file data25.pdb (PDB, C-alpha atoms)
ATOM      1  CA  MET A  27     -63.065   6.433 -45.252
ATOM      2  CA  SER A  28     -63.145   8.350 -41.973
ATOM      3  CA  ILE A  29     -62.190   6.498 -38.801
ATOM      4  CA  LYS A  30     -62.539   6.878 -35.061
ATOM      5  CA  LEU A  31     -59.419   6.431 -32.962
ATOM      6  CA  SER A  32     -58.948   4.919 -29.518
ATOM      7  CA  VAL A  33     -55.768   5.962 -27.700
ATOM      8  CA  VAL A  34     -54.543   3.160 -25.435
ATOM      9  CA  ILE A  35     -51.856   3.589 -22.765
ATOM     10  CA  ILE A  36     -50.378   1.375 -20.045
ATOM     11  CA  THR A  37     -49.037   2.978 -16.874
ATOM     12  CA  PHE A  38     -47.264   2.365 -13.597
ATOM     13  CA  ASN A  39     -46.224   5.318 -11.418
ATOM     14  CA  GLU A  40     -46.127   7.759 -14.328
ATOM     15  CA  GLU A  41     -47.033  11.016 -12.585
ATOM     16  CA  LYS A  42     -44.036  12.743 -14.217
ATOM     17  CA  ASN A  43     -45.130  11.845 -17.738
ATOM     18  CA  ILE A  44     -48.793  10.980 -18.121
ATOM     19  CA  GLU A  45     -50.233  14.509 -18.240
ATOM     20  CA  ARG A  46     -47.968  15.507 -21.131
ATOM     21  CA  CYS A  47     -49.006  12.364 -22.981
ATOM     22  CA  LEU A  48     -52.729  12.937 -22.408
ATOM     23  CA  LYS A  49     -52.578  16.600 -23.429
ATOM     24  CA  SER A  50     -50.937  15.676 -26.729
ATOM     25  CA  VAL A  51     -53.798  13.415 -27.844
ATOM     26  CA  GLN A  52     -56.771  15.582 -26.861
ATOM     27  CA  GLU A  53     -57.349  16.776 -30.441
ATOM     28  CA  ILE A  54     -57.260  13.349 -32.083
ATOM     29  CA  ALA A  55     -58.651  10.864 -29.537
ATOM     30  CA  ASP A  56     -62.259   9.678 -29.715
ATOM     31  CA  GLU A  57     -61.598   7.788 -26.488
ATOM     32  CA  ILE A  58     -58.591   7.335 -24.200
ATOM     33  CA  ILE A  59     -58.128   4.129 -22.261
ATOM     34  CA  VAL A  60     -55.481   3.791 -19.546
ATOM     35  CA  LEU A  61     -54.625   0.387 -18.094
ATOM     36  CA  ASP A  62     -52.662   0.882 -14.902
ATOM     37  CA  SER A  63     -50.635  -1.644 -12.893
ATOM     38  CA  PHE A  64     -51.765  -0.352  -9.476
ATOM     39  CA  SER A  65     -49.719   2.841  -9.329
ATOM     40  CA  THR A  66     -48.928   4.243  -5.899
ATOM     41  CA  ASP A  67     -48.308   7.837  -7.032
ATOM     42  CA  LYS A  68     -50.642  10.459  -8.573
ATOM     43  CA  THR A  69     -51.075   8.679 -11.918
ATOM     44  CA  GLU A  70     -54.765   7.889 -11.351
ATOM     45  CA  SER A  71     -55.767  11.346 -10.153
ATOM     46  CA  ILE A  72     -54.047  12.971 -13.144
ATOM     47  CA  CYS A  73     -55.794  10.604 -15.550
ATOM     48  CA  ARG A  74     -59.185  11.324 -13.991
ATOM     49  CA  LYS A  75     -58.779  15.027 -14.891
ATOM     50  CA  TYR A  76     -58.728  14.104 -18.575
ATOM     51  CA  ASN A  77     -61.896  12.008 -18.666
ATOM     52  CA  VAL A  78     -60.079   8.803 -19.576
ATOM     53  CA  LYS A  79     -61.439   5.292 -19.128
ATOM     54  CA  TYR A  80     -59.216   4.095 -16.309
ATOM     55  CA  PHE A  81     -58.703   0.422 -15.468
ATOM     56  CA  GLN A  82     -56.229  -1.547 -13.373
ATOM     57  CA  HIS A  83     -54.683  -4.982 -13.866
ATOM     58  CA  LYS A  84     -51.656  -6.642 -12.301
ATOM     59  CA  PHE A  85     -48.630  -6.302 -14.590
ATOM     60  CA  ASP A  86     -47.792  -9.611 -16.258
ATOM     61  CA  GLY A  87     -45.572  -8.404 -19.098
ATOM     62  CA  HIS A  88     -45.404  -5.491 -21.539
ATOM     63  CA  ILE A  89     -46.826  -7.527 -24.416
ATOM     64  CA  GLN A  90     -49.635  -8.986 -22.352
ATOM     65  CA  GLN A  91     -50.626  -5.637 -20.857
ATOM     66  CA  LYS A  92     -50.562  -3.791 -24.185
ATOM     67  CA  ASN A  93     -52.694  -6.418 -25.915
ATOM     68  CA  ARG A  94     -55.106  -6.320 -22.978
ATOM     69  CA  VAL A  95     -55.679  -2.564 -23.220
ATOM     70  CA  MET A  96     -55.896  -2.780 -27.027
ATOM     71  CA  ASN A  97     -58.775  -5.225 -26.701
ATOM     72  CA  MET A  98     -60.585  -2.798 -24.397
ATOM     73  CA  ALA A  99     -60.892  -0.244 -27.211
ATOM     74  CA  ASN A 100     -64.364   0.372 -28.610
ATOM     75  CA  ASN A 101     -63.019   1.506 -31.981
ATOM     76  CA  ASP A 102     -61.253  -0.659 -34.547
ATOM     77  CA  TYR A 103     -58.343   1.765 -34.957
ATOM     78  CA  VAL A 104     -56.008   2.251 -32.002
ATOM     79  CA  LEU A 105     -53.067   4.525 -31.262
ATOM     80  CA  SER A 106     -50.850   2.808 -28.702
ATOM     81  CA  LEU A 107     -48.595   5.037 -26.607
ATOM     82  CA  ASP A 108     -46.345   4.665 -23.606
ATOM     83  CA  ALA A 109     -46.907   7.187 -20.828
ATOM     84  CA  ASP A 110     -43.501   8.804 -21.476
ATOM     85  CA  GLU A 111     -44.382   9.530 -25.121
ATOM     86  CA  CYS A 112     -46.332  12.340 -26.784
ATOM     87  CA  LEU A 113     -47.122  13.573 -30.296
ATOM     88  CA  ASP A 114     -45.429  16.575 -31.883
ATOM     89  CA  THR A 115     -47.588  19.041 -33.819
ATOM     90  CA  THR A 116     -46.649  17.686 -37.257
ATOM     91  CA  LEU A 117     -47.613  14.150 -36.272
ATOM     92  CA  THR A 118     -50.846  15.412 -34.713
ATOM     93  CA  ASP A 119     -51.789  17.092 -38.006
ATOM     94  CA  GLU A 120     -50.982  13.904 -39.926
ATOM     95  CA  ILE A 121     -53.240  11.865 -37.669
ATOM     96  CA  LYS A 122     -56.067  14.368 -38.140
ATOM     97  CA  LYS A 123     -55.774  13.803 -41.899
ATOM     98  CA  ILE A 124     -55.946  10.019 -41.706
ATOM     99  CA  LYS A 125     -58.938  10.246 -39.366
ATOM    100  CA  LYS A 126     -60.777  12.120 -42.117
ATOM    101  CA  GLU A 127     -59.565   9.853 -44.909
ATOM    102  CA  SER A 128     -57.811   6.617 -43.961
ATOM    103  CA  THR A 129     -56.080   4.871 -46.861
ATOM    104  CA  HIS A 130     -54.278   2.139 -44.901
ATOM    105  CA  ARG A 131     -54.911  -0.198 -41.975
ATOM    106  CA  ALA A 132     -51.551   0.438 -40.285
ATOM    107  CA  TYR A 133     -49.402   3.552 -39.810
ATOM    108  CA  GLU A 134     -45.862   4.120 -38.560
ATOM    109  CA  PHE A 135     -43.722   7.155 -37.703
ATOM    110  CA  ASN A 136     -40.336   8.097 -36.253
ATOM    111  CA  ARG A 137     -39.666   8.302 -32.523
ATOM    112  CA  LEU A 138     -37.254  10.931 -31.199
ATOM    113  CA  THR A 139     -35.875  10.332 -27.714
ATOM    114  CA  ASN A 140     -34.977  12.881 -25.062
ATOM    115  CA  TYR A 141     -32.214  11.696 -22.716
ATOM    116  CA  CYS A 142     -31.448  13.806 -19.638
ATOM    117  CA  GLY A 143     -32.684  16.904 -21.478
ATOM    118  CA  LYS A 144     -30.920  16.237 -24.811
ATOM    119  CA  TRP A 145     -32.577  15.054 -28.018
ATOM    120  CA  ILE A 146     -30.616  12.061 -29.311
ATOM    121  CA  LYS A 147     -30.220  11.916 -33.108
ATOM    122  CA  HIS A 148     -27.748   9.016 -33.364
ATOM    123  CA  CYS A 149     -26.600   5.982 -31.285
ATOM    124  CA  GLY A 150     -29.093   3.875 -33.236
ATOM    125  CA  TRP A 151     -31.869   5.757 -31.440
ATOM    126  CA  TYR A 152     -33.127   7.831 -34.392
ATOM    127  CA  PRO A 153     -35.015   7.440 -36.595
ATOM    128  CA  ASP A 154     -36.598   4.839 -34.356
ATOM    129  CA  VAL A 155     -39.543   3.845 -36.565
ATOM    130  CA  LYS A 156     -42.587   2.657 -34.635
ATOM    131  CA  LEU A 157     -45.843   1.170 -35.905
ATOM    132  CA  ARG A 158     -48.343   2.614 -33.443
ATOM    133  CA  ILE A 159     -51.643   3.113 -35.299
ATOM    134  CA  TRP A 160     -53.468   0.104 -36.668
ATOM    135  CA  ASP A 161     -56.757  -1.669 -37.135
ATOM    136  CA  LYS A 162     -56.800  -4.012 -34.138
ATOM    137  CA  ASN A 163     -58.305  -6.741 -36.319
ATOM    138  CA  ILE A 164     -55.077  -7.085 -38.343
ATOM    139  CA  ALA A 165     -52.293  -6.683 -35.767
ATOM    140  CA  LYS A 166     -51.332  -7.223 -32.144
ATOM    141  CA  TRP A 167     -48.339  -6.827 -29.854
ATOM    142  CA  GLY A 168     -45.649  -9.506 -30.037
ATOM    143  CA  GLY A 169     -41.855  -9.773 -29.863
ATOM    144  CA  VAL A 170     -39.926 -10.595 -26.708
ATOM    145  CA  ASN A 171     -40.425  -8.785 -23.379
ATOM    146  CA  PRO A 172     -39.403  -6.087 -22.675
ATOM    147  CA  HIS A 173     -38.760  -5.281 -26.356
ATOM    148  CA  ASP A 174     -42.294  -5.549 -27.684
ATOM    149  CA  LYS A 175     -43.335  -4.742 -31.241
ATOM    150  CA  VAL A 176     -46.516  -4.730 -33.292
ATOM    151  CA  ILE A 177     -46.972  -7.792 -35.495
ATOM    152  CA  THR A 178     -49.351  -7.425 -38.447
ATOM    153  CA  ASN A 179     -51.043 -10.033 -40.574
ATOM    154  CA  GLU A 180     -49.371 -10.897 -43.875
ATOM    155  CA  ASN A 181     -49.568  -8.494 -46.821
ATOM    156  CA  ILE A 182     -50.507  -5.460 -44.731
ATOM    157  CA  GLU A 183     -49.135  -2.258 -46.256
ATOM    158  CA  VAL A 184     -47.891   0.212 -43.645
ATOM    159  CA  LYS A 185     -47.884   3.945 -44.373
ATOM    160  CA  HIS A 186     -45.215   6.220 -42.880
ATOM    161  CA  LEU A 187     -46.460   9.508 -41.410
ATOM    162  CA  LYS A 188     -44.543  12.770 -41.066
ATOM    163  CA  GLY A 189     -43.616  14.110 -37.645
ATOM    164  CA  ASP A 190     -42.122  12.569 -34.527
ATOM    165  CA  LEU A 191     -43.323  10.657 -31.528
ATOM    166  CA  LEU A 192     -41.460  12.391 -28.701
ATOM    167  CA  HIS A 193     -40.067   9.993 -26.117
ATOM    168  CA  TYR A 194     -38.945  11.340 -22.728
ATOM    169  CA  SER A 195     -36.895   8.326 -21.722
ATOM    170  CA  TYR A 196     -34.639   9.119 -18.765
ATOM    171  CA  TYR A 197     -34.364  12.171 -16.546
ATOM    172  CA  SER A 198     -31.086  11.020 -14.977
ATOM    173  CA  ILE A 199     -28.285   8.532 -15.564
ATOM    174  CA  ASN A 200     -29.256   6.777 -12.316
ATOM    175  CA  GLN A 201     -32.716   6.182 -13.742
ATOM    176  CA  HIS A 202     -31.170   4.634 -16.857
ATOM    177  CA  ILE A 203     -28.986   2.320 -14.766
ATOM    178  CA  ALA A 204     -31.948   1.211 -12.654
ATOM    179  CA  GLN A 205     -34.019   0.575 -15.781
ATOM    180  CA  PHE A 206     -31.374  -1.479 -17.542
ATOM    181  CA  ASN A 207     -30.988  -3.662 -14.464
ATOM    182  CA  SER A 208     -34.706  -4.401 -14.598
ATOM    183  CA  PHE A 209     -34.830  -4.872 -18.379
ATOM    184  CA  THR A 210     -31.769  -7.153 -18.482
ATOM    185  CA  GLU A 211     -33.435  -9.339 -15.866
ATOM    186  CA  ILE A 212     -36.553  -9.645 -18.034
ATOM    187  CA  GLY A 213     -34.498 -10.119 -21.213
ATOM    188  CA  ALA A 214     -32.349 -12.866 -19.715
ATOM    189  CA  LYS A 215     -35.408 -14.759 -18.479
ATOM    190  CA  GLU A 216     -37.089 -14.530 -21.876
ATOM    191  CA  ALA A 217     -33.914 -15.756 -23.622
ATOM    192  CA  PHE A 218     -33.660 -18.616 -21.132
ATOM    193  CA  LYS A 219     -37.257 -19.655 -21.868
ATOM    194  CA  LYS A 220     -36.298 -19.885 -25.548
ATOM    195  CA  GLY A 221     -33.366 -22.162 -24.734
ATOM    196  CA  LYS A 222     -30.618 -19.671 -25.555
ATOM    197  CA  LYS A 223     -27.137 -20.175 -24.082
ATOM    198  CA  SER A 224     -24.422 -17.809 -22.908
ATOM    199  CA  ASN A 225     -20.903 -17.772 -21.465
ATOM    200  CA  TRP A 226     -18.322 -15.169 -20.509
ATOM    201  CA  PHE A 227     -16.947 -14.975 -24.063
ATOM    202  CA  ILE A 228     -20.379 -14.374 -25.621
ATOM    203  CA  ALA A 229     -21.178 -11.734 -22.981
ATOM    204  CA  THR A 230     -17.889  -9.920 -23.581
ATOM    205  CA  TYR A 231     -18.071 -10.102 -27.362
ATOM    206  CA  LYS A 232     -21.686  -8.908 -27.503
ATOM    207  CA  ALA A 233     -20.945  -5.983 -25.163
ATOM    208  CA  ILE A 234     -17.854  -4.799 -27.056
ATOM    209  CA  TRP A 235     -19.589  -5.063 -30.430
ATOM    210  CA  LYS A 236     -22.624  -3.180 -29.077
ATOM    211  CA  PHE A 237     -20.449  -0.210 -28.082
ATOM    212  CA  ILE A 238     -18.443  -0.167 -31.318
ATOM    213  CA  ARG A 239     -21.562  -0.388 -33.479
ATOM    214  CA  ASP A 240     -23.547   2.317 -31.662
ATOM    215  CA  TYR A 241     -20.748   4.774 -30.903
ATOM    216  CA  PHE A 242     -18.801   4.580 -34.168
ATOM    217  CA  PHE A 243     -20.911   3.043 -36.941
ATOM    218  CA  LYS A 244     -24.181   4.590 -35.734
ATOM    219  CA  LEU A 245     -22.427   7.903 -34.997
ATOM    220  CA  GLY A 246     -23.126   8.058 -31.284
ATOM    221  CA  PHE A 247     -20.102  10.331 -30.856
ATOM    222  CA  LEU A 248     -22.045  13.093 -32.648
ATOM    223  CA  ASP A 249     -24.401  13.262 -29.656
ATOM    224  CA  GLY A 250     -21.534  14.397 -27.440
ATOM    225  CA  TYR A 251     -21.264  13.477 -23.774
ATOM    226  CA  TYR A 252     -24.677  11.836 -23.545
ATOM    227  CA  GLY A 253     -24.011   9.921 -26.736
ATOM    228  CA  TYR A 254     -21.014   8.331 -25.032
ATOM    229  CA  VAL A 255     -23.005   7.660 -21.846
ATOM    230  CA  ILE A 256     -25.812   5.967 -23.791
ATOM    231  CA  CYS A 257     -23.436   3.754 -25.780
ATOM    232  CA  ALA A 258     -21.410   2.818 -22.695
ATOM    233  CA  LEU A 259     -24.462   1.953 -20.604
ATOM    234  CA  SER A 260     -26.075   0.047 -23.481
ATOM    235  CA  SER A 261     -22.880  -1.992 -23.752
ATOM    236  CA  GLN A 262     -22.948  -2.689 -20.009
ATOM    237  CA  ALA A 263     -26.599  -3.702 -20.241
ATOM    238  CA  THR A 264     -25.783  -6.182 -22.998
ATOM    239  CA  PHE A 265     -22.970  -7.624 -20.864
ATOM    240  CA  ALA A 266     -25.287  -7.900 -17.843
ATOM    241  CA  LYS A 267     -28.045  -9.593 -19.831
ATOM    242  CA  TYR A 268     -25.763 -12.350 -21.118
ATOM    243  CA  LEU A 269     -24.153 -12.863 -17.712
ATOM    244  CA  LYS A 270     -27.607 -13.233 -16.168
ATOM    245  CA  LEU A 271     -28.517 -15.715 -18.901
ATOM    246  CA  ARG A 272     -25.331 -17.662 -18.106
ATOM    247  CA  GLU A 273     -26.373 -17.806 -14.437
ATOM    248  CA  LEU A 274     -29.833 -19.054 -15.351
ATOM    249  CA  ASN A 275     -28.332 -21.797 -17.527
ATOM    250  CA  LYS A 276     -25.891 -22.751 -14.771
ATOM    251  CA  ASN A 277     -28.614 -22.904 -12.103
ATOM    252  CA  ALA A 278     -30.824 -25.017 -14.346
ATOM    253  CA  LYS A 279     -28.084 -27.624 -14.672
ATOM    254  CA  ASN A 280     -27.670 -27.761 -10.901
TER     255      ASN A 280
END

call {"tool": "encode", "arguments": {"input": "data25.pdb", "output": "C-alpha cells"}}
result
Amino acid sequence: MSIKLSVVIITFNEEKNIERCLKSVQEIADEIIVLDSFSTDKTESICRKYNVKYFQHKFDGHIQQKNRVMNMANNDYVLSLDADECLDTTLTDEIKKIKKESTHRAYEFNRLTNYCGKWIKHCGWYPDVKLRIWDKNIAKWGGVNPHDKVITNENIEVKHLKGDLLHYSYYSINQHIAQFNSFTEIGAKEAFKKGKKSNWFIATYKAIWKFIRDYFFKLGFLDGYYGYVICALSSQATFAKYLKLRELNKNAKN
C-alpha cells in the first residue's frame, strides 16, 4: 500500500544544521513538523522558509519531546530526525519506494557520522543502525535520556533500507567536550533514578574498558587522529558519568 509520511524534528538553537536537514526531506515529506525548545538563534526563521508546521514547548527530555512531536503528526507513518541529520540520495530513493509500496510498519537504516569534517567508519560509530520510520501506532520513543531509542510492539518486523542517514555531530573538539559534560549530567541523573550505584573503581574500570573496546576491538585507530580523539573523549565521558553518579549517591546518603 502507498503511505503518506510526516517528518518530525525537535530543535534548540540549530541554525547551523536545520536548513540542511529540511532540504534533504523536501522530496519525501508530506508534512514537516518542528517542535522547538524556544531557540534564541535563527532556527525559527529558517524553518519558516520551508513551510514547516512550527511549534514550541519547554524541553523536558529527549524522549518526552520526541514522543510529543510524533503525536502531532497527521499521518500514521513518521520519519523522526534530529536537526543535525539529513538523508543521502540512496536513502531518499529508498524512502520514495516505500512510500509507493510499503511492505512493513517499521524501517531502519545506517547512520554515518561526520566528526570535525571527517566521516567516522569505526570506533563503534558505524554502522550505527537507527529505526527512524514507523507507524506511530506500533512504536514510540523509549530508552534512557539522553540515549533514546524507538521501542516497537512485540512481533514487529523491521526492514533495513539502503543508504545512510548523515549525522553532522561536532564541528569542533570543544563542542564535543561541552556536549559530553551535559550528557553525562543527564545520564548520571537517570542512572541515579534507577537506583544504580558507583564508586571510583567502577568509574575507572568502565572508562578504561570503554577506550580499549572502541579504539582496539572496534578499530577506532583506523580513523586516525580523530578516531583517537573520539575514543579518548568517550572514555573520559564514561569516567565523568560514573563519578557524577557516585556524587549523587553520596549526597543522597547525607

call {"tool": "resolve_selection", "arguments": {"input": "data25.pdb", "expression": "the PyMOL selection byres ((chain A and resi 213) around 10)", "output": "list in words"}}
result
Val170, Asn171, Pro172, His173, Phe206, Asn207, Ser208, Phe209, Thr210, Glu211, Ile212, Ala214, Lys215, Glu216, Ala217, Phe218, Lys219, Thr264, Lys267, Tyr268, Lys270 and Leu271 of chain A

call {"tool": "atom_distance", "arguments": {"input": "data25.pdb", "atom1": "CA of Lys68 (chain A)", "atom2": "CA of Tyr80 (chain A)"}}
result
13.2 Å

call {"tool": "residues_around", "arguments": {"input": "data25.pdb", "residues": "region 226-234 of chain A", "least_positions_apart": "2", "cutoff": "8 Å", "atoms": "all atoms listed in the file", "output": "PyMOL selection string"}}
result
chain A and resi 224+236-238+261-269+272

call {"tool": "residues_around", "arguments": {"input": "data25.pdb", "residues": "region 102-107 of chain A", "least_positions_apart": "6", "cutoff": "9 Å", "atoms": "all atoms listed in the file", "output": "list of chain:residue names"}}
result
A:Ile29, A:Lys30, A:Leu31, A:Ser32, A:Val33, A:Val34, A:Ile35, A:Ile36, A:Cys47, A:Ala55, A:Lys92, A:Met96, A:Arg131, A:Ala132, A:Leu157, A:Arg158, A:Ile159, A:Trp160, A:Asp161, A:Lys162, A:Asn163

call {"tool": "write_last_selection", "arguments": {"input": "data25.pdb", "atoms": "C-alpha atoms", "output": "short mmCIF file (atom, residue, chain, number, x, y, z; two decimals), keeping the file's coordinate frame"}}
result
data_model
loop_
_atom_site.label_atom_id
_atom_site.label_comp_id
_atom_site.auth_asym_id
_atom_site.auth_seq_id
_atom_site.Cartn_x
_atom_site.Cartn_y
_atom_site.Cartn_z
CA ILE A 29 -62.19 6.50 -38.80
CA LYS A 30 -62.54 6.88 -35.06
CA LEU A 31 -59.42 6.43 -32.96
CA SER A 32 -58.95 4.92 -29.52
CA VAL A 33 -55.77 5.96 -27.70
CA VAL A 34 -54.54 3.16 -25.44
CA ILE A 35 -51.86 3.59 -22.76
CA ILE A 36 -50.38 1.38 -20.05
CA CYS A 47 -49.01 12.36 -22.98
CA ALA A 55 -58.65 10.86 -29.54
CA LYS A 92 -50.56 -3.79 -24.18
CA MET A 96 -55.90 -2.78 -27.03
CA ARG A 131 -54.91 -0.20 -41.98
CA ALA A 132 -51.55 0.44 -40.28
CA LEU A 157 -45.84 1.17 -35.90
CA ARG A 158 -48.34 2.61 -33.44
CA ILE A 159 -51.64 3.11 -35.30
CA TRP A 160 -53.47 0.10 -36.67
CA ASP A 161 -56.76 -1.67 -37.14
CA LYS A 162 -56.80 -4.01 -34.14
CA ASN A 163 -58.30 -6.74 -36.32
#

call {"tool": "closest_residue", "arguments": {"input": "data25.pdb", "among": "A:Lys125, A:Lys75, A:Lys175, A:His202", "to": "Val155 (chain A)", "atoms": "only C-alpha atoms"}}
result
A:Lys175

call {"tool": "residues_around", "arguments": {"input": "data25.pdb", "residues": "Tyr196 (chain A)", "least_positions_apart": "2", "cutoff": "8 Å", "atoms": "only C-alpha atoms", "output": "list in words"}}
result
Asn140, Tyr141, Cys142, Tyr194, Ser198, Ile199, Gln201 and His202 of chain A

call {"tool": "write_last_selection", "arguments": {"input": "data25.pdb", "atoms": "C-alpha atoms", "output": "PDB file, keeping the file's coordinate frame"}}
result
ATOM      1  CA  ASN A 140     -34.977  12.881 -25.062  1.00  0.00           C
ATOM      2  CA  TYR A 141     -32.214  11.696 -22.716  1.00  0.00           C
ATOM      3  CA  CYS A 142     -31.448  13.806 -19.638  1.00  0.00           C
ATOM      4  CA  TYR A 194     -38.945  11.340 -22.728  1.00  0.00           C
ATOM      5  CA  SER A 198     -31.086  11.020 -14.977  1.00  0.00           C
ATOM      6  CA  ILE A 199     -28.285   8.532 -15.564  1.00  0.00           C
ATOM      7  CA  GLN A 201     -32.716   6.182 -13.742  1.00  0.00           C
ATOM      8  CA  HIS A 202     -31.170   4.634 -16.857  1.00  0.00           C
TER       9      HIS A 202
END

call {"tool": "atom_distance", "arguments": {"input": "data25.pdb", "atom1": "CA of Lys188 (chain A)", "atom2": "CA of Ser28 (chain A)"}}
result
19.1 Å

call {"tool": "decode", "arguments": {"input": "data25.pdb", "residues": "region 29-56 of chain A", "atoms": "C-alpha atoms", "output": "PDB file, in the first residue's frame"}}
result
ATOM      1  CA  ILE A  29       1.674   5.748   2.557  1.00  0.00           C
ATOM      2  CA  LYS A  30       1.991   9.398   3.470  1.00  0.00           C
ATOM      3  CA  LEU A  31       4.951  10.414   5.603  1.00  0.00           C
ATOM      4  CA  SER A  32       5.258  13.032   8.327  1.00  0.00           C
ATOM      5  CA  VAL A  33       8.804  14.205   9.069  1.00  0.00           C
ATOM      6  CA  VAL A  34       9.153  15.170  12.734  1.00  0.00           C
ATOM      7  CA  ILE A  35      12.126  17.076  14.169  1.00  0.00           C
ATOM      8  CA  ILE A  36      12.991  18.567  17.563  1.00  0.00           C
ATOM      9  CA  THR A  37      15.247  21.618  17.727  1.00  0.00           C
ATOM     10  CA  PHE A  38      17.066  24.013  20.010  1.00  0.00           C
ATOM     11  CA  ASN A  39      19.431  26.617  18.535  1.00  0.00           C
ATOM     12  CA  GLU A  40      20.069  24.617  15.370  1.00  0.00           C
ATOM     13  CA  GLU A  41      20.712  27.401  12.859  1.00  0.00           C
ATOM     14  CA  LYS A  42      23.900  25.636  11.694  1.00  0.00           C
ATOM     15  CA  ASN A  43      22.092  22.404  10.861  1.00  0.00           C
ATOM     16  CA  ILE A  44      18.361  22.729  10.331  1.00  0.00           C
ATOM     17  CA  GLU A  45      18.375  24.011   6.738  1.00  0.00           C
ATOM     18  CA  ARG A  46      20.449  21.058   5.526  1.00  0.00           C
ATOM     19  CA  CYS A  47      18.055  18.701   7.287  1.00  0.00           C
ATOM     20  CA  LEU A  48      14.943  20.341   5.823  1.00  0.00           C
ATOM     21  CA  LYS A  49      16.346  20.425   2.286  1.00  0.00           C
ATOM     22  CA  SER A  50      17.060  16.695   2.415  1.00  0.00           C
ATOM     23  CA  VAL A  51      13.433  15.736   3.096  1.00  0.00           C
ATOM     24  CA  GLN A  52      11.670  18.027   0.617  1.00  0.00           C
ATOM     25  CA  GLU A  53      11.126  15.219  -1.910  1.00  0.00           C
ATOM     26  CA  ILE A  54       9.683  12.685   0.530  1.00  0.00           C
ATOM     27  CA  ALA A  55       7.797  14.666   3.197  1.00  0.00           C
ATOM     28  CA  ASP A  56       4.020  15.073   3.040  1.00  0.00           C
TER      29      ASP A  56
END
